[in-house]
$ cat run.txt   # compact mmCIF, C-alpha atoms
# COMPACT_ATOMS: atom_id res chain seq x y z
CA MET A 1 5.23 -6.93 8.15
CA PRO A 2 1.95 -5.40 7.01
CA ILE A 3 1.44 -1.70 7.65
CA LEU A 4 -2.06 -0.36 8.29
CA ASN A 5 -2.55 3.36 7.81
CA ILE A 6 -5.95 4.22 9.28
CA GLN A 7 -7.63 7.54 8.62
CA LEU A 8 -10.46 8.49 10.97
CA LEU A 9 -12.23 11.62 12.07
CA ASP A 10 -10.62 13.13 15.15
CA GLY A 11 -12.39 13.33 18.47
CA ARG A 12 -12.18 9.71 19.65
CA SER A 13 -10.87 9.06 23.15
CA ASP A 14 -7.36 7.75 23.72
CA GLU A 15 -8.90 4.57 25.11
CA MET A 16 -10.92 3.91 21.97
CA LYS A 17 -7.96 4.58 19.68
CA LYS A 18 -5.74 2.27 21.73
CA GLU A 19 -8.36 -0.45 21.59
CA LEU A 20 -8.74 -0.01 17.82
CA ILE A 21 -5.00 -0.31 17.26
CA GLN A 22 -4.75 -3.36 19.49
CA LYS A 23 -7.67 -5.22 17.95
CA VAL A 24 -6.92 -4.63 14.26
CA SER A 25 -3.34 -5.69 14.93
CA VAL A 26 -4.40 -8.97 16.51
CA VAL A 27 -6.94 -9.79 13.82
CA THR A 28 -4.41 -9.01 11.09
CA ALA A 29 -1.73 -11.23 12.63
CA ASP A 30 -4.22 -14.06 13.19
CA THR A 31 -5.63 -13.93 9.68
CA LEU A 32 -2.28 -13.71 7.91
CA LYS A 33 -0.75 -16.29 10.32
CA ILE A 34 2.19 -14.04 11.16
CA PRO A 35 3.64 -12.95 14.52
CA LEU A 36 1.76 -10.04 16.10
CA GLU A 37 5.09 -8.23 16.37
CA HIS A 38 5.20 -7.94 12.56
CA VAL A 39 2.08 -5.77 12.35
CA GLN A 40 2.33 -2.00 12.38
CA VAL A 41 -0.56 0.43 12.68
CA ILE A 42 -0.44 4.19 12.15
CA LEU A 43 -3.49 6.30 12.99
CA HIS A 44 -4.20 9.54 11.14
CA GLU A 45 -6.76 11.79 12.78
CA VAL A 46 -8.44 14.05 10.26
CA SER A 47 -10.24 17.26 11.15
CA ARG A 48 -13.93 17.49 10.20
CA LYS A 49 -13.00 20.58 8.22
CA HIS A 50 -10.64 18.52 6.03
CA TRP A 51 -12.77 15.48 5.21
CA ALA A 52 -15.64 15.68 2.79
CA ARG A 53 -18.17 13.40 1.16
CA GLY A 54 -20.17 14.72 -1.77
CA GLY A 55 -18.26 17.99 -1.72
CA VAL A 56 -19.43 18.87 1.79
CA THR A 57 -17.11 18.64 4.80
CA TYR A 58 -18.17 16.78 7.93
CA SER A 59 -17.77 20.09 9.72
CA GLU A 60 -20.54 21.58 7.56
CA LYS A 61 -22.79 18.52 7.84
CA GLN A 62 -23.00 18.85 11.62
CA MET B 1 10.18 13.92 -10.04
CA PRO B 2 10.16 11.31 -7.28
CA ILE B 3 8.17 12.10 -4.15
CA LEU B 4 9.31 10.72 -0.80
CA ASN B 5 6.71 10.64 1.96
CA ILE B 6 8.56 9.92 5.17
CA GLN B 7 6.74 8.90 8.34
CA LEU B 8 8.73 9.23 11.58
CA LEU B 9 7.98 9.52 15.26
CA ASP B 10 7.74 13.14 16.33
CA GLY B 11 10.21 14.71 18.70
CA ARG B 12 13.21 15.21 16.43
CA SER B 13 14.84 18.64 16.33
CA ASP B 14 14.31 20.97 13.40
CA GLU B 15 18.01 20.65 12.60
CA MET B 16 17.85 16.87 12.35
CA LYS B 17 14.73 16.93 10.19
CA LYS B 18 16.28 19.50 7.85
CA GLU B 19 19.41 17.39 7.56
CA LEU B 20 17.33 14.26 6.84
CA ILE B 21 15.39 16.02 4.10
CA GLN B 22 18.53 17.43 2.55
CA LYS B 23 20.50 14.18 2.55
CA VAL B 24 17.78 11.83 1.27
CA SER B 25 17.08 14.31 -1.51
CA VAL B 26 20.72 14.41 -2.62
CA VAL B 27 21.15 10.65 -2.49
CA THR B 28 17.92 10.14 -4.45
CA ALA B 29 18.94 12.59 -7.17
CA ASP B 30 22.44 11.10 -7.41
CA THR B 31 21.23 7.52 -7.60
CA LEU B 32 18.50 8.17 -10.16
CA LYS B 33 20.78 10.56 -12.11
CA ILE B 34 18.19 13.34 -12.10
CA PRO B 35 18.46 17.02 -11.13
CA LEU B 36 18.20 17.60 -7.37
CA GLU B 37 15.41 20.09 -8.11
CA HIS B 38 13.18 17.21 -9.26
CA VAL B 39 13.12 15.54 -5.85
CA GLN B 40 10.38 16.30 -3.34
CA VAL B 41 10.28 15.19 0.28
CA ILE B 42 7.34 15.44 2.66
CA LEU B 43 7.82 14.62 6.34
CA HIS B 44 4.96 13.25 8.43
CA GLU B 45 5.53 13.37 12.15
CA VAL B 46 3.49 10.74 13.95
CA SER B 47 2.61 10.88 17.64
CA ARG B 48 3.78 7.96 19.78
CA LYS B 49 0.14 7.48 20.73
CA HIS B 50 -0.73 6.83 17.06
CA TRP B 51 2.01 4.43 15.99
CA ALA B 52 2.04 0.83 17.13
CA ARG B 53 4.02 -2.33 16.56
CA GLY B 54 2.56 -5.59 17.76
CA GLY B 55 -0.61 -3.89 18.86
CA VAL B 56 1.18 -1.70 21.40
CA THR B 57 1.75 2.01 20.79
CA TYR B 58 5.21 3.53 21.21
CA SER B 59 3.63 5.71 23.87
CA GLU B 60 2.84 2.61 25.96
CA LYS B 61 6.24 1.00 25.29
CA GLN B 62 8.08 3.90 26.92
CA MET C 1 11.24 2.94 12.71
CA PRO C 2 10.76 5.50 9.95
CA ILE C 3 8.87 4.40 6.84
CA LEU C 4 9.73 5.94 3.49
CA ASN C 5 7.11 5.60 0.78
CA ILE C 6 8.78 6.61 -2.48
CA GLN C 7 6.76 7.30 -5.63
CA LEU C 8 8.72 7.32 -8.88
CA LEU C 9 7.99 6.90 -12.56
CA ASP C 10 8.31 3.30 -13.64
CA GLY C 11 10.97 2.14 -16.03
CA ARG C 12 14.05 2.15 -13.80
CA SER C 13 16.22 -0.96 -13.74
CA ASP C 14 16.12 -3.36 -10.80
CA GLU C 15 19.72 -2.43 -10.07
CA MET C 16 18.96 1.27 -9.81
CA LYS C 17 15.92 0.69 -7.61
CA LYS C 18 17.90 -1.59 -5.29
CA GLU C 19 20.65 1.01 -5.03
CA LEU C 20 18.10 3.75 -4.28
CA ILE C 21 16.52 1.70 -1.51
CA GLN C 22 19.89 0.82 -0.01
CA LYS C 23 21.27 4.36 -0.05
CA VAL C 24 18.25 6.23 1.29
CA SER C 25 18.00 3.66 4.08
CA VAL C 26 21.61 4.16 5.11
CA VAL C 27 21.44 7.96 5.00
CA THR C 28 18.20 7.93 7.01
CA ALA C 29 19.64 5.68 9.72
CA ASP C 30 22.85 7.72 9.90
CA THR C 31 21.08 11.06 10.12
CA LEU C 32 18.52 9.97 12.71
CA LYS C 33 21.19 7.98 14.62
CA ILE C 34 19.10 4.82 14.65
CA PRO C 35 19.93 1.23 13.67
CA LEU C 36 19.71 0.62 9.91
CA GLU C 37 17.39 -2.29 10.70
CA HIS C 38 14.72 0.18 11.88
CA VAL C 39 14.35 1.82 8.47
CA GLN C 40 11.74 0.62 6.01
CA VAL C 41 11.40 1.69 2.38
CA ILE C 42 8.50 0.95 0.04
CA LEU C 43 8.78 1.84 -3.65
CA HIS C 44 5.71 2.73 -5.70
CA GLU C 45 6.23 2.68 -9.44
CA VAL C 46 3.76 4.95 -11.19
CA SER C 47 2.87 4.66 -14.86
CA ARG C 48 3.53 7.74 -17.03
CA LYS C 49 -0.17 7.64 -17.90
CA HIS C 50 -1.08 8.12 -14.23
CA TRP C 51 1.25 10.94 -13.20
CA ALA C 52 0.67 14.49 -14.33
CA ARG C 53 2.11 17.92 -13.78
CA GLY C 54 0.14 20.92 -14.95
CA GLY C 55 -2.74 18.72 -16.03
CA VAL C 56 -0.65 16.84 -18.59
CA THR C 57 0.53 13.28 -17.98
CA TYR C 58 4.18 12.34 -18.46
CA SER C 59 2.94 9.94 -21.11
CA GLU C 60 1.63 12.87 -23.17
CA LYS C 61 4.70 15.01 -22.55
CA GLN C 62 6.98 12.49 -24.22
CA MET D 1 -16.22 5.93 -4.63
CA PRO D 2 -12.98 7.67 -5.56
CA ILE D 3 -10.90 9.07 -2.70
CA LEU D 4 -8.77 12.16 -3.27
CA ASN D 5 -5.99 12.76 -0.76
CA ILE D 6 -4.73 16.28 -1.34
CA GLN D 7 -1.47 17.51 0.16
CA LEU D 8 -1.00 21.29 0.22
CA LEU D 9 1.08 23.79 2.13
CA ASP D 10 -0.75 25.07 5.18
CA GLY D 11 -1.85 28.66 5.53
CA ARG D 12 -4.86 28.75 3.21
CA SER D 13 -8.11 30.20 4.55
CA ASP D 14 -10.99 27.95 5.55
CA GLU D 15 -13.02 29.49 2.72
CA MET D 16 -10.44 28.58 0.09
CA LYS D 17 -10.06 25.02 1.38
CA LYS D 18 -13.83 24.53 1.42
CA GLU D 19 -14.07 25.82 -2.13
CA LEU D 20 -11.24 23.54 -3.25
CA ILE D 21 -12.92 20.49 -1.72
CA GLN D 22 -16.28 21.38 -3.24
CA LYS D 23 -14.98 22.04 -6.75
CA VAL D 24 -12.68 19.04 -7.13
CA SER D 25 -15.51 16.82 -5.86
CA VAL D 26 -17.95 18.16 -8.46
CA VAL D 27 -15.49 17.90 -11.34
CA THR D 28 -14.56 14.35 -10.31
CA ALA D 29 -18.18 13.21 -10.15
CA ASP D 30 -19.00 14.89 -13.48
CA THR D 31 -16.01 13.44 -15.30
CA LEU D 32 -16.44 9.90 -13.98
CA LYS D 33 -20.25 10.11 -14.40
CA ILE D 34 -20.89 9.02 -10.82
CA PRO D 35 -23.07 10.52 -8.07
CA LEU D 36 -21.38 13.41 -6.23
CA GLU D 37 -22.12 11.57 -3.00
CA HIS D 38 -19.60 8.87 -3.98
CA VAL D 39 -16.64 11.24 -3.97
CA GLN D 40 -14.51 11.70 -0.88
CA VAL D 41 -11.79 14.31 -0.38
CA ILE D 42 -9.27 14.46 2.46
CA LEU D 43 -7.03 17.51 2.82
CA HIS D 44 -3.57 17.23 4.36
CA GLU D 45 -2.00 20.50 5.34
CA VAL D 46 1.78 20.27 5.39
CA SER D 47 4.04 22.66 7.27
CA ARG D 48 6.60 24.59 5.21
CA LYS D 49 9.23 23.05 7.46
CA HIS D 50 8.20 19.56 6.34
CA TRP D 51 7.95 19.97 2.57
CA ALA D 52 11.03 20.30 0.42
CA ARG D 53 11.94 20.54 -3.23
CA GLY D 54 15.57 20.10 -4.22
CA GLY D 55 16.53 19.33 -0.64
CA VAL D 56 15.44 22.75 0.62
CA THR D 57 12.27 23.20 2.66
CA TYR D 58 9.71 25.85 1.68
CA SER D 59 10.36 27.34 5.10
CA GLU D 60 13.98 28.01 4.11
CA LYS D 61 13.08 29.25 0.62
CA GLN D 62 11.00 32.10 2.03
CA MET E 1 -16.15 6.54 7.72
CA PRO E 2 -12.67 5.33 8.57
CA ILE E 3 -10.44 4.28 5.68
CA LEU E 4 -7.84 1.58 6.22
CA ASN E 5 -5.03 1.45 3.66
CA ILE E 6 -3.20 -1.83 4.22
CA GLN E 7 0.18 -2.52 2.67
CA LEU E 8 1.26 -6.15 2.60
CA LEU E 9 3.69 -8.28 0.65
CA ASP E 10 2.05 -9.85 -2.38
CA GLY E 11 1.54 -13.57 -2.71
CA ARG E 12 -1.38 -14.14 -0.35
CA SER E 13 -4.37 -16.09 -1.65
CA ASP E 14 -7.60 -14.35 -2.59
CA GLU E 15 -9.29 -16.20 0.26
CA MET E 16 -6.86 -14.89 2.86
CA LYS E 17 -7.08 -11.32 1.57
CA LYS E 18 -10.88 -11.45 1.59
CA GLU E 19 -10.86 -12.75 5.14
CA LEU E 20 -8.42 -10.03 6.23
CA ILE E 21 -10.61 -7.31 4.72
CA GLN E 22 -13.74 -8.72 6.30
CA LYS E 23 -12.29 -9.16 9.77
CA VAL E 24 -10.50 -5.83 10.12
CA SER E 25 -13.68 -4.11 8.91
CA VAL E 26 -15.82 -5.82 11.53
CA VAL E 27 -13.40 -5.17 14.38
CA THR E 28 -13.07 -1.51 13.35
CA ALA E 29 -16.83 -0.98 13.25
CA ASP E 30 -17.32 -2.77 16.58
CA THR E 31 -14.58 -0.83 18.35
CA LEU E 32 -15.60 2.58 17.05
CA LYS E 33 -19.30 1.75 17.52
CA ILE E 34 -20.17 2.71 13.95
CA PRO E 35 -22.12 0.88 11.24
CA LEU E 36 -20.03 -1.69 9.38
CA GLU E 37 -21.10 0.00 6.16
CA HIS E 38 -19.04 3.07 7.11
CA VAL E 39 -15.72 1.20 7.04
CA GLN E 40 -13.60 1.11 3.92
CA VAL E 41 -10.52 -1.03 3.36
CA ILE E 42 -8.04 -0.77 0.49
CA LEU E 43 -5.33 -3.42 0.10
CA HIS E 44 -1.99 -2.57 -1.49
CA GLU E 45 0.06 -5.55 -2.51
CA VAL E 46 3.76 -4.71 -2.60
CA SER E 47 6.34 -6.70 -4.53
CA ARG E 48 9.21 -8.18 -2.51
CA LYS E 49 11.54 -6.25 -4.80
CA HIS E 50 9.96 -2.97 -3.66
CA TRP E 51 9.85 -3.41 0.13
CA ALA E 52 12.97 -3.22 2.23
CA ARG E 53 13.96 -3.29 5.86
CA GLY E 54 17.47 -2.27 6.79
CA GLY E 55 18.25 -1.38 3.20
CA VAL E 56 17.71 -4.93 1.95
CA THR E 57 14.62 -5.89 -0.03
CA TYR E 58 12.54 -8.91 0.97
CA SER E 59 13.38 -10.29 -2.46
CA GLU E 60 17.08 -10.36 -1.53
CA LYS E 61 16.44 -11.73 1.97
CA GLN E 62 14.84 -14.89 0.61
CA MET F 1 2.71 22.66 -5.37
CA PRO F 2 -0.29 20.62 -4.21
CA ILE F 3 -0.19 16.88 -4.85
CA LEU F 4 -3.45 15.00 -5.43
CA ASN F 5 -3.31 11.26 -4.94
CA ILE F 6 -6.53 9.85 -6.38
CA GLN F 7 -7.66 6.29 -5.67
CA LEU F 8 -10.32 4.92 -7.99
CA LEU F 9 -11.58 1.53 -9.06
CA ASP F 10 -9.79 0.30 -12.16
CA GLY F 11 -11.57 -0.19 -15.44
CA ARG F 12 -11.92 3.41 -16.62
CA SER F 13 -10.82 4.26 -20.16
CA ASP F 14 -7.57 6.13 -20.79
CA GLU F 15 -9.63 9.01 -22.14
CA MET F 16 -11.68 9.35 -19.00
CA LYS F 17 -8.63 9.16 -16.74
CA LYS F 18 -6.83 11.81 -18.82
CA GLU F 19 -9.86 14.06 -18.62
CA LEU F 20 -10.12 13.57 -14.85
CA ILE F 21 -6.46 14.48 -14.36
CA GLN F 22 -6.74 17.52 -16.57
CA LYS F 23 -9.91 18.88 -15.00
CA VAL F 24 -9.02 18.42 -11.33
CA SER F 25 -5.66 20.06 -12.03
CA VAL F 26 -7.26 23.11 -13.62
CA VAL F 27 -9.86 23.53 -10.88
CA THR F 28 -7.19 23.17 -8.19
CA ALA F 29 -4.93 25.80 -9.76
CA ASP F 30 -7.86 28.17 -10.30
CA THR F 31 -9.18 27.83 -6.76
CA LEU F 32 -5.80 28.16 -5.05
CA LYS F 33 -4.75 30.93 -7.48
CA ILE F 34 -1.50 29.19 -8.37
CA PRO F 35 0.07 28.35 -11.73
CA LEU F 36 -1.35 25.18 -13.29
CA GLU F 37 2.22 23.91 -13.60
CA HIS F 38 2.45 23.66 -9.81
CA VAL F 39 -0.28 21.02 -9.56
CA GLN F 40 0.57 17.33 -9.58
CA VAL F 41 -1.89 14.46 -9.85
CA ILE F 42 -1.16 10.77 -9.31
CA LEU F 43 -3.83 8.18 -10.10
CA HIS F 44 -3.98 4.89 -8.24
CA GLU F 45 -6.16 2.26 -9.85
CA VAL F 46 -7.42 -0.24 -7.30
CA SER F 47 -8.69 -3.70 -8.17
CA ARG F 48 -12.26 -4.51 -7.17
CA LYS F 49 -10.83 -7.42 -5.21
CA HIS F 50 -8.80 -5.01 -3.05
CA TRP F 51 -11.38 -2.35 -2.20
CA ALA F 52 -14.15 -3.01 0.27
CA ARG F 53 -16.97 -1.17 1.95
CA GLY F 54 -18.68 -2.79 4.90
CA GLY F 55 -16.27 -5.71 4.80
CA VAL F 56 -17.35 -6.78 1.31
CA THR F 57 -15.14 -6.17 -1.72
CA TYR F 58 -16.54 -4.51 -4.83
CA SER F 59 -15.64 -7.71 -6.63
CA GLU F 60 -18.10 -9.64 -4.44
CA LYS F 61 -20.80 -6.94 -4.67
CA GLN F 62 -21.03 -7.31 -8.43

$ encode --input "run.txt" --output "structure tokens"
Amino acid sequence: MPILNIQLLDGRSDEMKKELIQKVSVVTADTLKIPLEHVQVILHEVSRKHWARGGVTYSEKQ
Amino acid sequence: MPILNIQLLDGRSDEMKKELIQKVSVVTADTLKIPLEHVQVILHEVSRKHWARGGVTYSEKQ
Amino acid sequence: MPILNIQLLDGRSDEMKKELIQKVSVVTADTLKIPLEHVQVILHEVSRKHWARGGVTYSEKQ
Amino acid sequence: MPILNIQLLDGRSDEMKKELIQKVSVVTADTLKIPLEHVQVILHEVSRKHWARGGVTYSEKQ
Amino acid sequence: MPILNIQLLDGRSDEMKKELIQKVSVVTADTLKIPLEHVQVILHEVSRKHWARGGVTYSEKQ
Amino acid sequence: MPILNIQLLDGRSDEMKKELIQKVSVVTADTLKIPLEHVQVILHEVSRKHWARGGVTYSEKQ
């Protein structure tokens, strides 16, 4: 019953997000030897204005 | 001063969310024997496209 | 399938924590009109040294 | 490599949020004696309808 | 720069946790087409006494 | 009423953690022009075995 909360910058396509969710779920179930159905994933898209490294947002870095 | 971060699928009415916040706050204060004013609740609505069980999003399950 | 992550100061008895988990789960299921089995709760006990209000930890306030 | 997840009520200006991110990053790096580049900050704006103290949302308090 | 916060029940071996971290990192980098070095993973081990489904902790279910 | 959840590698002294909490609280209150008493900080110490960048834990990097 692991829960993966994944934060990533927004802007990815629906296809890529769906693939990410599907693949991390499978690899988690396989590694922990648990049923795939026990794995939950929640994606959190973060705006470039709200994520910073070194005090500078990704919006400013662009 | 407990803090409850509640993740739920989006789509609930404002009335239902307000009732949820109110009731979990009261039951938390009563159980921990603390003033109601010490309890904080933060709701996080998650899109069906961003929440998955078993590698499949709730958006796809529909 | 709501998930409640609850942060509270450590030091509560196992009985009180179990009661908290049980009661917030029931009130959440009832309010959202979903099966109790869909509700998950995760408790996070925080040390008084690691939780602060107004820049002062609860450990110092004591 | 500390990560600061900051929850705040929405409605602040972009300027104020940028300043907040910049200043907490600098003070974190200085205090921990690490390079500024190692500090990450993620802002989470929360709607007044979704944040409550004492069972009452900030939306209702207004 | 995605960050994966993974909550799982405690009790897994160091080997299994290391493998989980390594594999979800690789699959995330591959899927998002980003350098592996940009992926961060943080594991949160949760006690069976602090994780519940349906109002009953995993400690009680055993 | 902002809440700062700060994840950092464990091993810092109590003094340094207290200073970090105090200083980020003050800078947050000053920047947002709110009373210091409204700022909460919660520290989360993470084991080097449970935090990874690029698929390798900080425990292994040492």

$ closest_atom_pairs --input "run.txt" --of "chain E" --to "chain F" --cutoff "12 Å" --atoms "all atoms listed in the file" --output "CSV"
residue,atom,partner,partner_atom,distance
E:Met1,CA,F:Arg53,CA,9.7
E:Pro2,CA,F:Arg53,CA,10.2
E:Ile3,CA,F:Arg53,CA,9.3
E:Leu4,CA,F:Ala52,CA,9.8
E:Asn5,CA,F:Trp51,CA,9.4
E:Ile6,CA,F:His50,CA,9.7
E:Gln7,CA,F:His50,CA,10.9
E:Leu8,CA,F:His50,CA,11.6
E:Asp10,CA,F:His50,CA,11.9
E:Ser13,CA,F:Lys49,CA,11.4
E:Asp14,CA,F:Lys49,CA,8.1
E:Glu15,CA,F:Lys49,CA,10.5
E:Met16,CA,F:His50,CA,11.7
E:Lys17,CA,F:His50,CA,8.0
E:Lys18,CA,F:Thr57,CA,7.5
E:Glu19,CA,F:Gly55,CA,8.9
E:Leu20,CA,F:Gly55,CA,9.1
E:Ile21,CA,F:Gly55,CA,5.9
E:Gln22,CA,F:Gly55,CA,4.2
E:Lys23,CA,F:Gly55,CA,7.2
E:Val24,CA,F:Gly55,CA,7.8
E:Ser25,CA,F:Gly55,CA,5.1
E:Val26,CA,F:Gly55,CA,6.7
E:Val27,CA,F:Gly55,CA,10.0
E:Thr28,CA,F:Gly55,CA,10.0
E:Ala29,CA,F:Gly54,CA,8.7
E:Asp30,CA,F:Gly54,CA,11.8
E:Ile34,CA,F:Gly54,CA,10.7
E:Pro35,CA,F:Gly54,CA,8.1
E:Leu36,CA,F:Gly54,CA,4.8
E:Glu37,CA,F:Gly54,CA,3.9
E:His38,CA,F:Gly54,CA,6.3
E:Val39,CA,F:Gly54,CA,5.4
E:Gln40,CA,F:Arg53,CA,4.5
E:Val41,CA,F:Ala52,CA,5.2
E:Ile42,CA,F:Trp51,CA,4.6
E:Leu43,CA,F:His50,CA,4.9
E:His44,CA,F:His50,CA,7.4
E:Glu45,CA,F:His50,CA,8.9

$ calpha_fit_and_write --input "run.txt" --fixed "chain E" --moving "chain B" --output "PDB file with C-alpha atoms, keeping the file's coordinate frame"
ATOM      1  CA  MET B   1     -16.184   6.514   7.741  1.00  0.00           C
ATOM      2  CA  PRO B   2     -12.672   5.331   8.578  1.00  0.00           C
ATOM      3  CA  ILE B   3     -10.450   4.288   5.688  1.00  0.00           C
ATOM      4  CA  LEU B   4      -7.832   1.586   6.209  1.00  0.00           C
ATOM      5  CA  ASN B   5      -5.029   1.444   3.659  1.00  0.00           C
ATOM      6  CA  ILE B   6      -3.214  -1.817   4.225  1.00  0.00           C
ATOM      7  CA  GLN B   7       0.181  -2.509   2.678  1.00  0.00           C
ATOM      8  CA  LEU B   8       1.257  -6.170   2.598  1.00  0.00           C
ATOM      9  CA  LEU B   9       3.689  -8.288   0.651  1.00  0.00           C
ATOM     10  CA  ASP B  10       2.035  -9.851  -2.370  1.00  0.00           C
ATOM     11  CA  GLY B  11       1.543 -13.570  -2.701  1.00  0.00           C
ATOM     12  CA  ARG B  12      -1.384 -14.148  -0.356  1.00  0.00           C
ATOM     13  CA  SER B  13      -4.371 -16.105  -1.653  1.00  0.00           C
ATOM     14  CA  ASP B  14      -7.593 -14.360  -2.588  1.00  0.00           C
ATOM     15  CA  GLU B  15      -9.304 -16.199   0.261  1.00  0.00           C
ATOM     16  CA  MET B  16      -6.868 -14.892   2.856  1.00  0.00           C
ATOM     17  CA  LYS B  17      -7.086 -11.325   1.576  1.00  0.00           C
ATOM     18  CA  LYS B  18     -10.889 -11.447   1.594  1.00  0.00           C
ATOM     19  CA  GLU B  19     -10.858 -12.770   5.141  1.00  0.00           C
ATOM     20  CA  LEU B  20      -8.421 -10.028   6.228  1.00  0.00           C
ATOM     21  CA  ILE B  21     -10.599  -7.314   4.725  1.00  0.00           C
ATOM     22  CA  GLN B  22     -13.732  -8.731   6.283  1.00  0.00           C
ATOM     23  CA  LYS B  23     -12.308  -9.168   9.779  1.00  0.00           C
ATOM     24  CA  VAL B  24     -10.505  -5.822  10.114  1.00  0.00           C
ATOM     25  CA  SER B  25     -13.666  -4.107   8.916  1.00  0.00           C
ATOM     26  CA  VAL B  26     -15.833  -5.807  11.544  1.00  0.00           C
ATOM     27  CA  VAL B  27     -13.395  -5.162  14.369  1.00  0.00           C
ATOM     28  CA  THR B  28     -13.061  -1.506  13.343  1.00  0.00           C
ATOM     29  CA  ALA B  29     -16.823  -0.977  13.239  1.00  0.00           C
ATOM     30  CA  ASP B  30     -17.317  -2.751  16.576  1.00  0.00           C
ATOM     31  CA  THR B  31     -14.575  -0.836  18.344  1.00  0.00           C
ATOM     32  CA  LEU B  32     -15.592   2.585  17.042  1.00  0.00           C
ATOM     33  CA  LYS B  33     -19.307   1.754  17.515  1.00  0.00           C
ATOM     34  CA  ILE B  34     -20.172   2.727  13.945  1.00  0.00           C
ATOM     35  CA  PRO B  35     -22.126   0.875  11.241  1.00  0.00           C
ATOM     36  CA  LEU B  36     -20.025  -1.705   9.378  1.00  0.00           C
ATOM     37  CA  GLU B  37     -21.096  -0.002   6.140  1.00  0.00           C
ATOM     38  CA  HIS B  38     -19.042   3.070   7.108  1.00  0.00           C
ATOM     39  CA  VAL B  39     -15.732   1.209   7.046  1.00  0.00           C
ATOM     40  CA  GLN B  40     -13.597   1.105   3.913  1.00  0.00           C
ATOM     41  CA  VAL B  41     -10.514  -1.026   3.367  1.00  0.00           C
ATOM     42  CA  ILE B  42      -8.043  -0.767   0.504  1.00  0.00           C
ATOM     43  CA  LEU B  43      -5.338  -3.408   0.106  1.00  0.00           C
ATOM     44  CA  HIS B  44      -1.996  -2.562  -1.488  1.00  0.00           C
ATOM     45  CA  GLU B  45       0.070  -5.546  -2.492  1.00  0.00           C
ATOM     46  CA  VAL B  46       3.758  -4.706  -2.594  1.00  0.00           C
ATOM     47  CA  SER B  47       6.347  -6.703  -4.523  1.00  0.00           C
ATOM     48  CA  ARG B  48       9.216  -8.171  -2.502  1.00  0.00           C
ATOM     49  CA  LYS B  49      11.536  -6.257  -4.812  1.00  0.00           C
ATOM     50  CA  HIS B  50       9.972  -2.963  -3.650  1.00  0.00           C
ATOM     51  CA  TRP B  51       9.852  -3.407   0.118  1.00  0.00           C
ATOM     52  CA  ALA B  52      12.978  -3.236   2.229  1.00  0.00           C
ATOM     53  CA  ARG B  53      13.975  -3.310   5.867  1.00  0.00           C
ATOM     54  CA  GLY B  54      17.482  -2.273   6.775  1.00  0.00           C
ATOM     55  CA  GLY B  55      18.256  -1.371   3.207  1.00  0.00           C
ATOM     56  CA  VAL B  56      17.717  -4.920   1.956  1.00  0.00           C
ATOM     57  CA  THR B  57      14.624  -5.890  -0.032  1.00  0.00           C
ATOM     58  CA  TYR B  58      12.547  -8.912   0.973  1.00  0.00           C
ATOM     59  CA  SER B  59      13.382 -10.283  -2.455  1.00  0.00           C
ATOM     60  CA  GLU B  60      17.091 -10.354  -1.538  1.00  0.00           C
ATOM     61  CA  LYS B  61      16.442 -11.732   1.967  1.00  0.00           C
ATOM     62  CA  GLN B  62      14.829 -14.880   0.572  1.00  0.00           C
TER      63      GLN B  62
END

$ atom_distance --input "run.txt" --atom1 "atom CA of C:Gly11" --atom2 "atom CA of C:Ser59"
12.3 Å

$ atom_distance --input "run.txt" --atom1 "atom CA of A:Lys33" --atom2 "atom CA of E:Lys61"
19.6 Å

$ atom_distance --input "run.txt" --atom1 "atom CA of F:Thr31" --atom2 "atom CA of C:Tyr58"
23.6 Å

$ axis_aligned_box --input "run.txt" --around "stretch 14-19 of chain B" --padding-each-side "3 Å" --output "AutoDock Vina command-line options"
--center_x 16.9 --center_y 18.9 --center_z 10.5 --size_x 11.1 --size_y 10.1 --size_z 11.8

$ build_atoms --input "run.txt" --residues "stretch 38-45 of chain A" --atoms "N, CA and C atoms" --output "compact mmCIF listing (two decimals), in the coordinates of the input"
# COMPACT_ATOMS: atom_id res chain seq x y z
N HIS A 38 4.94 -8.39 13.93
CA HIS A 38 5.20 -7.94 12.56
C HIS A 38 4.21 -6.89 12.06
N VAL A 39 3.14 -6.67 12.82
CA VAL A 39 2.08 -5.77 12.35
C VAL A 39 2.31 -4.36 12.87
N GLN A 40 2.26 -3.40 11.97
CA GLN A 40 2.33 -2.00 12.38
C GLN A 40 1.02 -1.30 12.04
N VAL A 41 0.63 -0.38 12.92
CA VAL A 41 -0.56 0.43 12.68
C VAL A 41 -0.20 1.90 12.90
N ILE A 42 -0.62 2.75 11.98
CA ILE A 42 -0.44 4.19 12.15
C ILE A 42 -1.81 4.86 11.99
N LEU A 43 -2.21 5.59 13.03
CA LEU A 43 -3.49 6.30 12.99
C LEU A 43 -3.29 7.73 12.47
N HIS A 44 -4.21 8.16 11.64
CA HIS A 44 -4.20 9.54 11.14
C HIS A 44 -5.54 10.17 11.49
N GLU A 45 -5.53 11.08 12.43
CA GLU A 45 -6.76 11.79 12.78
C GLU A 45 -6.95 12.94 11.80
